[in-house]
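Notes for the one structure printed next.
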Amino acid sequence: MTAQVPHILVVGGGYVGMYTAYGLRRAARQGRIRVTVVDPRSVMTYQPFLPEAAAGSVEPRHVVVPLRKTLKGCRVVTGRVTGVDHANKVARVMPEEGPEYELAYDQIVVALGSIARTLPIPGLAEEATGFKNVEEAIALRNKVLDRLDVASSQPDPALRKSALTFVFVGGGYAGVEAFAELEDMARYATRYYDNIKPEDMRWVLVEATGRILPEVGEDLGKYTVNELRKRNMEIKLETRLESCEKGRVILSDGDEFDADTIVWTAGVKANPALAATDFPLDEKGRIKTLANLRIEGVEDAWTAGDNAAVPDLTSTTGAYCAPNAQHAVRQARRLAANILRVVDGQPPQDYEHKYVGSVASLGLHKGVAQLYGVKVKGWLAWFLHRTYHVSRVPTLNRKARVILDWTLALFFRREVTSLGSLQTPNDEFRRATQS
């Protein structure tokens, strides 16, 4: 460690990690600090655009931000932090290849984020897919289009029905947007099949509670349910997935059927890797955090985002900030500013942000939004969804590319080509070697 030049270790390259390092990069280039970002992936995924990437409205490469290109002046390590010994200010790093090693630091930012919150449901791990990164979005898009190809070429009614059944579990943003966007894409794609009609497909959304999209309010949640049902999509509220072994879906309402496509989006939980640190955790596995984003009771340690229990200073009930991109991005900016304030000998400032509302896309030209208490639906809500999120995508480069994708879509028809072989690129070569 170099006392004159503090070494800031950022654990995680998601919203909080990337934006914090982005806020520190100028000071790093000036030589005031050193910044190292460690993440298993070399890109940051802008998750709100994953449904549009899956539906083909946005090029998948344009919803990820390359860390090395964006964080000039910072060192980016592609690896996984397997433990933190903050008492000695050392983190253990497991690179993609080679042995594990230790990395010393002066200050640390814990930005491990969250992972999918799963349940011990028979068949879930084997049959379902998640929806948190761009690889899953591409794979899901390919699978939906591939199932249309299979159904079109399949004479067996049972196999055809299974291929055309798509089940999404979870009625939050990720689930509803992916559910609506992919159905919209598949509905459009059926025009190119002479033996598949939109009504031949079965789209089922399973939600354990009595409502979907709670962030936009009860009224817009009910509106969303009605709009999706008008599209012949099934919304099963107060229903749980009990089993999906070998593609046989069994629901708590007694419904039972086969489905080739099962998507799990039923919430998130703090990254369990936090248990391998010596930081204080709450009952939900999140790091106990002060309002200024310092870790409670610990010096030279900071955190924010999904893995942190950050007090919501705008709440009168002692609530914590919700685990969403709106808070994560703003917390990261405050966190970066606070680190620089401490380096300069000034006290850190508290994070305070009143939640402005939520926007959600329900397919092309369809959406719901609640901003500053104003409820919007239909085309205008869809437009607000795109406007808000393109303004939040990091870097001008990515903003321009996303806007260009949308502009080209005004003049050309939607692309509905499946590249299913991407999941198994060597199959053709293996067959050739055996012939």
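Here, A, B, ... name the chains of the structure tokens in the order displayed, residue numbers run from 1 inside each chain, and ligands are numbered from 1 in the same displayed order.
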
| field | Shell around segment 209-213 of chain A at 7 Å using only C-alpha atoms, local window under 5 positions removed, as a PyMOL selection string | value | chain A and resi 171-173+221+237-238

Considering only C-alpha atoms, give me a table of residues in segment 309-392 of chain A that are at most 12 Å from segment 58-68 of chain A, with the closest atom pair and distance in Å for each, as CSV.
residue,atom,partner,partner_atom,distance
A:Leu364,CA,A:Val58,CA,11.8
A:Arg386,CA,A:Val58,CA,11.2
A:His389,CA,A:Val63,CA,10.8
A:Val390,CA,A:Val63,CA,10.1
A:Arg392,CA,A:Val63,CA,11.3

Can you write just those residues out, N, CA and C atoms, as an mmCIF file, in the first residue's frame?
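After the write, out.cif holds the following:
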data_model
loop_
_atom_site.group_PDB
_atom_site.id
_atom_site.type_symbol
_atom_site.label_atom_id
_atom_site.label_comp_id
_atom_site.auth_asym_id
_atom_site.auth_seq_id
_atom_site.Cartn_x
_atom_site.Cartn_y
_atom_site.Cartn_z
ATOM 1 N N LEU A 364 -43.809 -3.289 -27.821
ATOM 2 C CA LEU A 364 -43.642 -2.144 -28.704
ATOM 3 C C LEU A 364 -44.846 -1.216 -28.613
ATOM 4 N N ARG A 386 -38.557 4.640 -22.629
ATOM 5 C CA ARG A 386 -37.362 4.698 -23.478
ATOM 6 C C ARG A 386 -36.550 5.963 -23.214
ATOM 7 N N HIS A 389 -34.670 5.697 -19.742
ATOM 8 C CA HIS A 389 -33.569 4.737 -19.668
ATOM 9 C C HIS A 389 -32.426 5.076 -20.622
ATOM 10 N N VAL A 390 -32.727 5.659 -21.768
ATOM 11 C CA VAL A 390 -31.611 6.041 -22.641
ATOM 12 C C VAL A 390 -30.820 7.180 -22.005
ATOM 13 N N ARG A 392 -30.146 7.292 -18.930
ATOM 14 C CA ARG A 392 -29.380 6.683 -17.832
ATOM 15 C C ARG A 392 -28.326 5.694 -18.315
#

Counting only C-alpha atoms, give me one row per residue of segment 68-156 of chain A with an atom at most 6 Å from an atom of segment 1-22 of chain A, showing the shortest contact pair and its distance in Å to one decimal, sorted by chain then residue number, as JSON lines.
{"residue": "A:Leu71", "atom": "CA", "partner": "A:Tyr22", "partner_atom": "CA", "distance": 5.9}
{"residue": "A:Tyr105", "atom": "CA", "partner": "A:His7", "partner_atom": "CA", "distance": 5.2}
{"residue": "A:Asp106", "atom": "CA", "partner": "A:His7", "partner_atom": "CA", "distance": 5.1}
{"residue": "A:Gln107", "atom": "CA", "partner": "A:Ile8", "partner_atom": "CA", "distance": 4.9}
{"residue": "A:Ile108", "atom": "CA", "partner": "A:Leu9", "partner_atom": "CA", "distance": 4.7}
{"residue": "A:Val109", "atom": "CA", "partner": "A:Val10", "partner_atom": "CA", "distance": 4.7}
{"residue": "A:Val110", "atom": "CA", "partner": "A:Val11", "partner_atom": "CA", "distance": 5.1}
{"residue": "A:Ala111", "atom": "CA", "partner": "A:Gly12", "partner_atom": "CA", "distance": 4.9}
{"residue": "A:Leu112", "atom": "CA", "partner": "A:Gly12", "partner_atom": "CA", "distance": 4.9}

Mind dumping the selected residues with all heavy atoms as a compact mmCIF listing (two decimals), in the first residue's frame?
# COMPACT_ATOMS: atom_id res chain seq x y z
N LEU A 71 -13.52 2.95 -18.13
CA LEU A 71 -12.83 3.36 -16.90
C LEU A 71 -11.35 3.60 -17.15
O LEU A 71 -10.48 2.99 -16.51
CB LEU A 71 -13.04 2.29 -15.82
CG LEU A 71 -14.48 1.98 -15.47
CD1 LEU A 71 -14.56 0.87 -14.42
CD2 LEU A 71 -15.20 3.24 -14.97
N TYR A 105 -5.29 -3.14 -0.19
CA TYR A 105 -5.98 -1.88 -0.51
C TYR A 105 -5.93 -0.95 0.70
O TYR A 105 -5.60 -1.37 1.82
CB TYR A 105 -7.42 -2.14 -0.92
CG TYR A 105 -8.26 -2.81 0.14
CD1 TYR A 105 -8.88 -2.07 1.15
CD2 TYR A 105 -8.44 -4.20 0.15
CE1 TYR A 105 -9.64 -2.69 2.14
CE2 TYR A 105 -9.20 -4.82 1.12
CZ TYR A 105 -9.80 -4.07 2.12
OH TYR A 105 -10.55 -4.67 3.09
N ASP A 106 -6.28 0.32 0.47
CA ASP A 106 -6.41 1.29 1.55
C ASP A 106 -7.88 1.55 1.89
O ASP A 106 -8.24 1.69 3.06
CB ASP A 106 -5.75 2.62 1.16
CG ASP A 106 -4.25 2.47 0.98
OD1 ASP A 106 -3.57 2.10 1.96
OD2 ASP A 106 -3.75 2.70 -0.14
N GLN A 107 -8.72 1.62 0.86
CA GLN A 107 -10.16 1.75 1.05
C GLN A 107 -10.86 0.77 0.11
O GLN A 107 -10.35 0.48 -0.98
CB GLN A 107 -10.64 3.19 0.78
CG GLN A 107 -10.05 4.22 1.71
CD GLN A 107 -10.77 5.55 1.61
OE1 GLN A 107 -12.00 5.61 1.62
NE2 GLN A 107 -9.99 6.63 1.52
N ILE A 108 -12.02 0.30 0.54
CA ILE A 108 -12.72 -0.68 -0.27
C ILE A 108 -14.17 -0.24 -0.50
O ILE A 108 -14.80 0.34 0.39
CB ILE A 108 -12.69 -2.08 0.40
CG1 ILE A 108 -13.25 -3.15 -0.54
CG2 ILE A 108 -13.42 -2.08 1.73
CD1 ILE A 108 -13.03 -4.58 -0.05
N VAL A 109 -14.67 -0.52 -1.69
CA VAL A 109 -16.07 -0.31 -2.04
C VAL A 109 -16.66 -1.67 -2.36
O VAL A 109 -16.23 -2.35 -3.30
CB VAL A 109 -16.22 0.61 -3.27
CG1 VAL A 109 -17.70 0.74 -3.66
CG2 VAL A 109 -15.63 1.98 -3.00
N VAL A 110 -17.63 -2.11 -1.56
CA VAL A 110 -18.25 -3.42 -1.77
C VAL A 110 -19.49 -3.21 -2.62
O VAL A 110 -20.47 -2.61 -2.19
CB VAL A 110 -18.61 -4.09 -0.44
CG1 VAL A 110 -19.18 -5.48 -0.70
CG2 VAL A 110 -17.39 -4.17 0.47
N ALA A 111 -19.44 -3.70 -3.85
CA ALA A 111 -20.53 -3.51 -4.81
C ALA A 111 -20.83 -4.84 -5.50
O ALA A 111 -20.89 -4.93 -6.72
CB ALA A 111 -20.14 -2.45 -5.84
N LEU A 112 -21.06 -5.86 -4.69
CA LEU A 112 -21.31 -7.20 -5.23
C LEU A 112 -22.73 -7.37 -5.74
O LEU A 112 -23.04 -8.36 -6.41
CB LEU A 112 -21.02 -8.26 -4.16
CG LEU A 112 -19.54 -8.46 -3.84
CD1 LEU A 112 -19.37 -9.33 -2.61
CD2 LEU A 112 -18.82 -9.08 -5.03

| task | Measure the distance from atom CA of Gly79 of chain A to atom CA of Asp300 of chain A in Å and round it to one decimal. | result |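 The value is 22.6 Å.
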
| task | For Ile138 of chain A, list every protein, DNA or RNA residue within 9 Å, evaluated using only C-alpha atoms, and leave out those in the same chain fewer than 4 positions away; present the list as a ChimeraX atom specification. | result | /A:50,53-55,60,133-134,142-143,419

Residue subset to file, keeping N, CA, C and O atoms, as a PDB file, in the first residue's frame:
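Once written, out24.pdb looks like this:
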ATOM      1  N   LEU A  50     -32.548  -5.176 -20.990  1.00  0.00           N
ATOM      2  CA  LEU A  50     -32.491  -6.596 -21.337  1.00  0.00           C
ATOM      3  C   LEU A  50     -33.759  -7.082 -22.040  1.00  0.00           C
ATOM      4  O   LEU A  50     -33.669  -7.850 -23.008  1.00  0.00           O
ATOM      5  N   ALA A  53     -33.506  -6.033 -25.561  1.00  0.00           N
ATOM      6  CA  ALA A  53     -32.466  -6.807 -26.248  1.00  0.00           C
ATOM      7  C   ALA A  53     -32.991  -8.193 -26.591  1.00  0.00           C
ATOM      8  O   ALA A  53     -32.749  -8.712 -27.688  1.00  0.00           O
ATOM      9  N   ALA A  54     -33.739  -8.798 -25.658  1.00  0.00           N
ATOM     10  CA  ALA A  54     -34.311 -10.122 -25.915  1.00  0.00           C
ATOM     11  C   ALA A  54     -35.334 -10.076 -27.032  1.00  0.00           C
ATOM     12  O   ALA A  54     -35.466 -11.026 -27.807  1.00  0.00           O
ATOM     13  N   ALA A  55     -36.065  -8.971 -27.139  1.00  0.00           N
ATOM     14  CA  ALA A  55     -37.099  -8.843 -28.169  1.00  0.00           C
ATOM     15  C   ALA A  55     -36.544  -8.373 -29.510  1.00  0.00           C
ATOM     16  O   ALA A  55     -37.278  -8.318 -30.493  1.00  0.00           O
ATOM     17  N   PRO A  60     -27.917  -6.500 -28.584  1.00  0.00           N
ATOM     18  CA  PRO A  60     -27.424  -6.898 -27.261  1.00  0.00           C
ATOM     19  C   PRO A  60     -26.092  -6.260 -26.864  1.00  0.00           C
ATOM     20  O   PRO A  60     -25.878  -5.927 -25.701  1.00  0.00           O
ATOM     21  N   ASN A 133     -28.582 -11.164 -17.050  1.00  0.00           N
ATOM     22  CA  ASN A 133     -27.455 -10.709 -17.862  1.00  0.00           C
ATOM     23  C   ASN A 133     -27.769 -10.861 -19.344  1.00  0.00           C
ATOM     24  O   ASN A 133     -28.762 -11.481 -19.733  1.00  0.00           O
ATOM     25  N   VAL A 134     -26.902 -10.294 -20.155  1.00  0.00           N
ATOM     26  CA  VAL A 134     -27.179 -10.236 -21.586  1.00  0.00           C
ATOM     27  C   VAL A 134     -27.115 -11.624 -22.228  1.00  0.00           C
ATOM     28  O   VAL A 134     -27.828 -11.893 -23.213  1.00  0.00           O
ATOM     29  N   ASN A 142     -33.298 -16.522 -28.507  1.00  0.00           N
ATOM     30  CA  ASN A 142     -33.036 -17.615 -29.439  1.00  0.00           C
ATOM     31  C   ASN A 142     -33.957 -18.803 -29.178  1.00  0.00           C
ATOM     32  O   ASN A 142     -34.441 -19.451 -30.108  1.00  0.00           O
ATOM     33  N   LYS A 143     -34.185 -19.082 -27.897  1.00  0.00           N
ATOM     34  CA  LYS A 143     -35.010 -20.245 -27.573  1.00  0.00           C
ATOM     35  C   LYS A 143     -36.448 -20.031 -27.995  1.00  0.00           C
ATOM     36  O   LYS A 143     -37.097 -20.951 -28.533  1.00  0.00           O
ATOM     37  N   LEU A 419     -30.643 -17.546 -33.596  1.00  0.00           N
ATOM     38  CA  LEU A 419     -29.268 -18.022 -33.695  1.00  0.00           C
ATOM     39  C   LEU A 419     -29.041 -19.049 -32.595  1.00  0.00           C
ATOM     40  O   LEU A 419     -28.135 -18.940 -31.782  1.00  0.00           O
TER      41      LEU A 419
END

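Among A:Val176, A:Ala27, A:Leu410, A:Val204, the residue with the shortest atom-to-atom distance to Phe257 of chain A, counting only C-alpha atoms, is A:Val204.
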
| Do you know which residues are at most 6 Å from Val81 of chain A counting only C-alpha atoms, after dropping those on the same chain fewer than 2 positions away, and could you put them as a ChimeraX atom specification? | /A:83,92-93

Please produce a file of those selected residues containing C-alpha atoms, as a PDB file, in the first residue's frame.
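Below is the file that was written, out.pdb:
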ATOM      1  CA  GLY A  83     -13.162 -13.172   0.502  1.00  0.00           C
ATOM      2  CA  ARG A  92      -8.639 -12.672  -2.075  1.00  0.00           C
ATOM      3  CA  VAL A  93      -9.033 -12.703  -5.850  1.00  0.00           C
TER       4      VAL A  93
END

| request: Find, counting only C-alpha atoms, the residue in A:Gly113, A:Gly363, A:Gly217, A:Pro48 that gets nearest to Lys269 of chain A. | output: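 Closest residue, counting only C-alpha atoms: A:Gly113.
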
| For Ile339 of chain A, which residue out of A:Ser315, A:Cys321, A:Glu299, A:Leu384 is the nearest one, using only C-alpha atoms? |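 Of A:Ser315, A:Cys321, A:Glu299, A:Leu384, the one nearest Ile339 of chain A is A:Glu299, counting only C-alpha atoms.
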
| query | What's the 9 Å shell around Asp149 of chain A, counting only C-alpha atoms, without same-chain residues fewer than 4 positions away, as a PyMOL selection string? | reply | chain A and resi 144-145+153-154+193+418

| Those in segment 132-229 of chain A with alpha helix (DSSP H) from DSSP, as number ranges by chain | A: 134-153, 157-163, 173-189, 218-229

| query | How many Å lie between atom CA of Ala322 of chain A and atom CA of Leu124 of chain A, rounded to one decimal? | reply |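 Computed distance, atom CA of Ala322 of chain A to atom CA of Leu124 of chain A, equals 26.8 Å.
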
| Which of these residues is nearest to Ser391 of chain A, using only C-alpha atoms: A:Tyr46, A:His353, A:Thr317, A:Lys236? | A:Tyr46

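Closest approach to Lys89 of chain A among A:Val268, A:Leu148, A:Met185, A:Val298 is made by A:Val298 (distances from only C-alpha atoms).
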
| said: Would you pick out the contacts of Phe383 of chain A at 9 Å or less, using only C-alpha atoms, so that residues sharing its chain but fewer than 5 positions from it are not included, and give the list as a list in words? | reply: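 In the requested form, the answer reads Ser361, His365, Lys366, Gly367, Gly378 and Tyr388 of chain A.
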
| query | Residues at most 9 Å from Ala151 of chain A, counting only C-alpha atoms, excluding those fewer than 2 positions away in the same chain, as a list in words? | reply | Asp146, Arg147, Leu148, Asp149, Ser153, Gln154, Pro155, Asp156, Pro157, Leu159, Arg160, Lys161, Ser162, Ala163, Leu164, Asn195 and Ile196 of chain A

What would the file look like if the residues just selected were written as a short mmCIF file (atom, residue, chain, number, x, y, z; two decimals), in the first residue's frame with all heavy atoms?
data_model
loop_
_atom_site.label_atom_id
_atom_site.label_comp_id
_atom_site.auth_asym_id
_atom_site.auth_seq_id
_atom_site.Cartn_x
_atom_site.Cartn_y
_atom_site.Cartn_z
N ASP A 146 -36.56 -20.39 -31.65
CA ASP A 146 -36.29 -21.78 -31.98
C ASP A 146 -37.51 -22.66 -31.71
O ASP A 146 -37.80 -23.59 -32.47
CB ASP A 146 -35.10 -22.29 -31.16
CG ASP A 146 -34.79 -23.75 -31.44
OD1 ASP A 146 -34.33 -24.05 -32.56
OD2 ASP A 146 -35.01 -24.58 -30.55
N ARG A 147 -38.25 -22.38 -30.63
CA ARG A 147 -39.45 -23.16 -30.32
C ARG A 147 -40.53 -22.96 -31.39
O ARG A 147 -41.31 -23.89 -31.67
CB ARG A 147 -39.99 -22.77 -28.96
CG ARG A 147 -39.13 -23.14 -27.75
CD ARG A 147 -38.87 -24.65 -27.67
NE ARG A 147 -37.69 -25.05 -28.43
CZ ARG A 147 -37.35 -26.32 -28.65
NH1 ARG A 147 -38.09 -27.30 -28.18
NH2 ARG A 147 -36.28 -26.61 -29.34
N LEU A 148 -40.57 -21.77 -32.00
CA LEU A 148 -41.50 -21.56 -33.10
C LEU A 148 -41.10 -22.42 -34.29
O LEU A 148 -41.96 -23.02 -34.96
CB LEU A 148 -41.53 -20.07 -33.51
CG LEU A 148 -42.08 -19.09 -32.48
CD1 LEU A 148 -42.06 -17.68 -33.05
CD2 LEU A 148 -43.50 -19.45 -32.06
N ASP A 149 -39.80 -22.50 -34.56
CA ASP A 149 -39.31 -23.36 -35.64
C ASP A 149 -39.65 -24.82 -35.38
O ASP A 149 -40.11 -25.55 -36.27
CB ASP A 149 -37.79 -23.22 -35.79
CG ASP A 149 -37.37 -21.88 -36.35
OD1 ASP A 149 -38.23 -21.20 -36.96
OD2 ASP A 149 -36.21 -21.49 -36.16
N SER A 153 -42.43 -27.36 -37.43
CA SER A 153 -41.96 -28.56 -38.11
C SER A 153 -42.36 -29.85 -37.40
O SER A 153 -41.96 -30.93 -37.82
CB SER A 153 -40.42 -28.52 -38.22
OG SER A 153 -39.97 -27.29 -38.76
N GLN A 154 -43.15 -29.73 -36.33
CA GLN A 154 -43.46 -30.88 -35.49
C GLN A 154 -44.91 -31.35 -35.71
O GLN A 154 -45.85 -30.62 -35.42
CB GLN A 154 -43.26 -30.49 -34.01
CG GLN A 154 -43.58 -31.55 -33.01
CD GLN A 154 -42.80 -32.83 -33.25
OE1 GLN A 154 -43.39 -33.83 -33.70
NE2 GLN A 154 -41.49 -32.80 -33.03
N PRO A 155 -45.09 -32.60 -36.20
CA PRO A 155 -46.45 -33.10 -36.41
C PRO A 155 -47.13 -33.59 -35.13
O PRO A 155 -48.35 -33.67 -35.08
CB PRO A 155 -46.24 -34.27 -37.38
CG PRO A 155 -44.84 -34.74 -37.10
CD PRO A 155 -44.06 -33.52 -36.74
N ASP A 156 -46.36 -33.89 -34.09
CA ASP A 156 -46.93 -34.39 -32.84
C ASP A 156 -47.61 -33.25 -32.09
O ASP A 156 -46.94 -32.29 -31.67
CB ASP A 156 -45.83 -35.01 -31.98
CG ASP A 156 -46.37 -35.69 -30.74
OD1 ASP A 156 -47.23 -35.10 -30.06
OD2 ASP A 156 -45.93 -36.82 -30.44
N PRO A 157 -48.93 -33.31 -31.87
CA PRO A 157 -49.66 -32.21 -31.22
C PRO A 157 -49.14 -31.91 -29.81
O PRO A 157 -49.07 -30.74 -29.41
CB PRO A 157 -51.10 -32.71 -31.19
CG PRO A 157 -51.18 -33.74 -32.25
CD PRO A 157 -49.84 -34.39 -32.30
N LEU A 159 -46.05 -32.43 -28.52
CA LEU A 159 -44.75 -31.78 -28.57
C LEU A 159 -44.87 -30.36 -29.09
O LEU A 159 -44.17 -29.45 -28.62
CB LEU A 159 -43.79 -32.58 -29.45
CG LEU A 159 -43.42 -33.98 -28.92
CD1 LEU A 159 -42.51 -34.69 -29.92
CD2 LEU A 159 -42.74 -33.87 -27.56
N ARG A 160 -45.75 -30.18 -30.05
CA ARG A 160 -45.99 -28.83 -30.60
C ARG A 160 -46.55 -27.90 -29.53
O ARG A 160 -46.11 -26.76 -29.39
CB ARG A 160 -46.95 -28.96 -31.78
CG ARG A 160 -47.41 -27.63 -32.38
CD ARG A 160 -48.45 -27.90 -33.45
NE ARG A 160 -49.18 -26.69 -33.80
CZ ARG A 160 -48.84 -25.89 -34.81
NH1 ARG A 160 -47.78 -26.18 -35.53
NH2 ARG A 160 -49.55 -24.81 -35.07
N LYS A 161 -47.49 -28.40 -28.74
CA LYS A 161 -48.10 -27.59 -27.68
C LYS A 161 -47.08 -27.21 -26.62
O LYS A 161 -47.06 -26.07 -26.13
CB LYS A 161 -49.26 -28.37 -27.05
CG LYS A 161 -50.08 -27.56 -26.06
CD LYS A 161 -51.27 -28.36 -25.57
CE LYS A 161 -52.14 -27.55 -24.61
NZ LYS A 161 -53.31 -28.33 -24.14
N SER A 162 -46.21 -28.15 -26.27
CA SER A 162 -45.16 -27.87 -25.29
C SER A 162 -44.19 -26.82 -25.81
O SER A 162 -43.76 -25.93 -25.07
CB SER A 162 -44.42 -29.15 -24.95
OG SER A 162 -43.37 -28.91 -24.05
N ALA A 163 -43.85 -26.92 -27.09
CA ALA A 163 -42.92 -25.96 -27.69
C ALA A 163 -43.50 -24.55 -27.69
O ALA A 163 -42.76 -23.56 -27.58
CB ALA A 163 -42.57 -26.38 -29.11
N LEU A 164 -44.81 -24.43 -27.80
CA LEU A 164 -45.46 -23.12 -27.88
C LEU A 164 -45.98 -22.63 -26.53
O LEU A 164 -46.79 -21.70 -26.47
CB LEU A 164 -46.62 -23.19 -28.88
CG LEU A 164 -46.21 -23.42 -30.34
CD1 LEU A 164 -47.44 -23.53 -31.24
CD2 LEU A 164 -45.29 -22.29 -30.83
N ASN A 195 -48.31 -22.21 -40.44
CA ASN A 195 -49.10 -23.13 -39.62
C ASN A 195 -49.07 -22.77 -38.13
O ASN A 195 -49.36 -23.60 -37.28
CB ASN A 195 -48.63 -24.57 -39.81
CG ASN A 195 -47.16 -24.76 -39.46
OD1 ASN A 195 -46.42 -23.78 -39.27
ND2 ASN A 195 -46.73 -26.01 -39.35
N ILE A 196 -48.67 -21.54 -37.80
CA ILE A 196 -48.71 -21.08 -36.41
C ILE A 196 -49.43 -19.74 -36.35
O ILE A 196 -49.06 -18.79 -37.07
CB ILE A 196 -47.30 -20.92 -35.80
CG1 ILE A 196 -46.55 -22.25 -35.79
CG2 ILE A 196 -47.40 -20.37 -34.37
CD1 ILE A 196 -45.15 -22.15 -35.22
#

| So which one's closest to Ile262 of chain A, A:Leu24, A:Leu340, A:Leu408, A:Ala125? Using only C-alpha atoms, please. | A:Ala125

| request: Would you return as a ChimeraX atom specification the members of segment 168-317 of chain A that DSSP assigns to strand (DSSP E or B) on this structure's backbone? | output: /A:168-169,202-206,234-236,241-243,248-251,256-258,261-264,268-270,277,281,287-289,294-295,301-303,308-309,311

Could those selected residues go to a file with C-alpha atoms, as an mmCIF file, in the first residue's frame?
data_model
loop_
_atom_site.group_PDB
_atom_site.id
_atom_site.type_symbol
_atom_site.label_atom_id
_atom_site.label_comp_id
_atom_site.auth_asym_id
_atom_site.auth_seq_id
_atom_site.Cartn_x
_atom_site.Cartn_y
_atom_site.Cartn_z
ATOM 1 C CA PHE A 168 -42.514 -16.763 -16.590
ATOM 2 C CA VAL A 169 -42.355 -16.861 -12.802
ATOM 3 C CA ARG A 202 -49.653 -20.058 -24.538
ATOM 4 C CA TRP A 203 -47.965 -17.400 -22.398
ATOM 5 C CA VAL A 204 -48.303 -17.820 -18.626
ATOM 6 C CA LEU A 205 -47.125 -15.412 -15.922
ATOM 7 C CA VAL A 206 -47.072 -16.895 -12.403
ATOM 8 C CA GLU A 234 -52.532 -15.791 -18.763
ATOM 9 C CA ILE A 235 -51.822 -13.962 -15.491
ATOM 10 C CA LYS A 236 -51.987 -16.319 -12.506
ATOM 11 C CA LEU A 241 -44.669 -22.862 -9.140
ATOM 12 C CA GLU A 242 -44.439 -26.169 -7.262
ATOM 13 C CA SER A 243 -42.486 -28.264 -9.762
ATOM 14 C CA ARG A 248 -43.771 -30.652 -16.556
ATOM 15 C CA VAL A 249 -45.085 -27.490 -14.886
ATOM 16 C CA ILE A 250 -47.195 -27.977 -11.767
ATOM 17 C CA LEU A 251 -48.809 -24.886 -10.216
ATOM 18 C CA GLU A 256 -50.480 -28.873 -14.828
ATOM 19 C CA PHE A 257 -48.950 -28.785 -18.316
ATOM 20 C CA ASP A 258 -45.736 -29.213 -20.325
ATOM 21 C CA THR A 261 -39.533 -22.531 -21.882
ATOM 22 C CA ILE A 262 -39.503 -21.599 -18.182
ATOM 23 C CA VAL A 263 -38.084 -18.255 -16.998
ATOM 24 C CA TRP A 264 -37.445 -17.448 -13.329
ATOM 25 C CA VAL A 268 -33.286 -11.024 -5.950
ATOM 26 C CA LYS A 269 -31.233 -11.359 -2.790
ATOM 27 C CA ALA A 270 -27.937 -9.894 -1.626
ATOM 28 C CA THR A 277 -16.146 -10.915 4.483
ATOM 29 C CA LEU A 281 -24.629 -8.055 7.853
ATOM 30 C CA ILE A 287 -24.223 -4.993 4.665
ATOM 31 C CA LYS A 288 -25.248 -2.629 7.467
ATOM 32 C CA THR A 289 -24.715 0.823 6.032
ATOM 33 C CA ARG A 294 -19.873 4.003 4.922
ATOM 34 C CA ILE A 295 -20.128 0.476 6.289
ATOM 35 C CA ALA A 301 -15.064 0.735 3.823
ATOM 36 C CA TRP A 302 -18.014 1.776 1.687
ATOM 37 C CA THR A 303 -20.992 0.104 0.061
ATOM 38 C CA ALA A 308 -26.402 -2.706 1.110
ATOM 39 C CA ALA A 309 -29.046 -1.755 3.679
ATOM 40 C CA PRO A 311 -31.287 4.081 5.186
#

| field | Coordinates-based distance that separates atom CA of Lys132 of chain A from atom CA of Arg398 of chain A (Å, one decimal) | value |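 So the answer is 19.0 Å.
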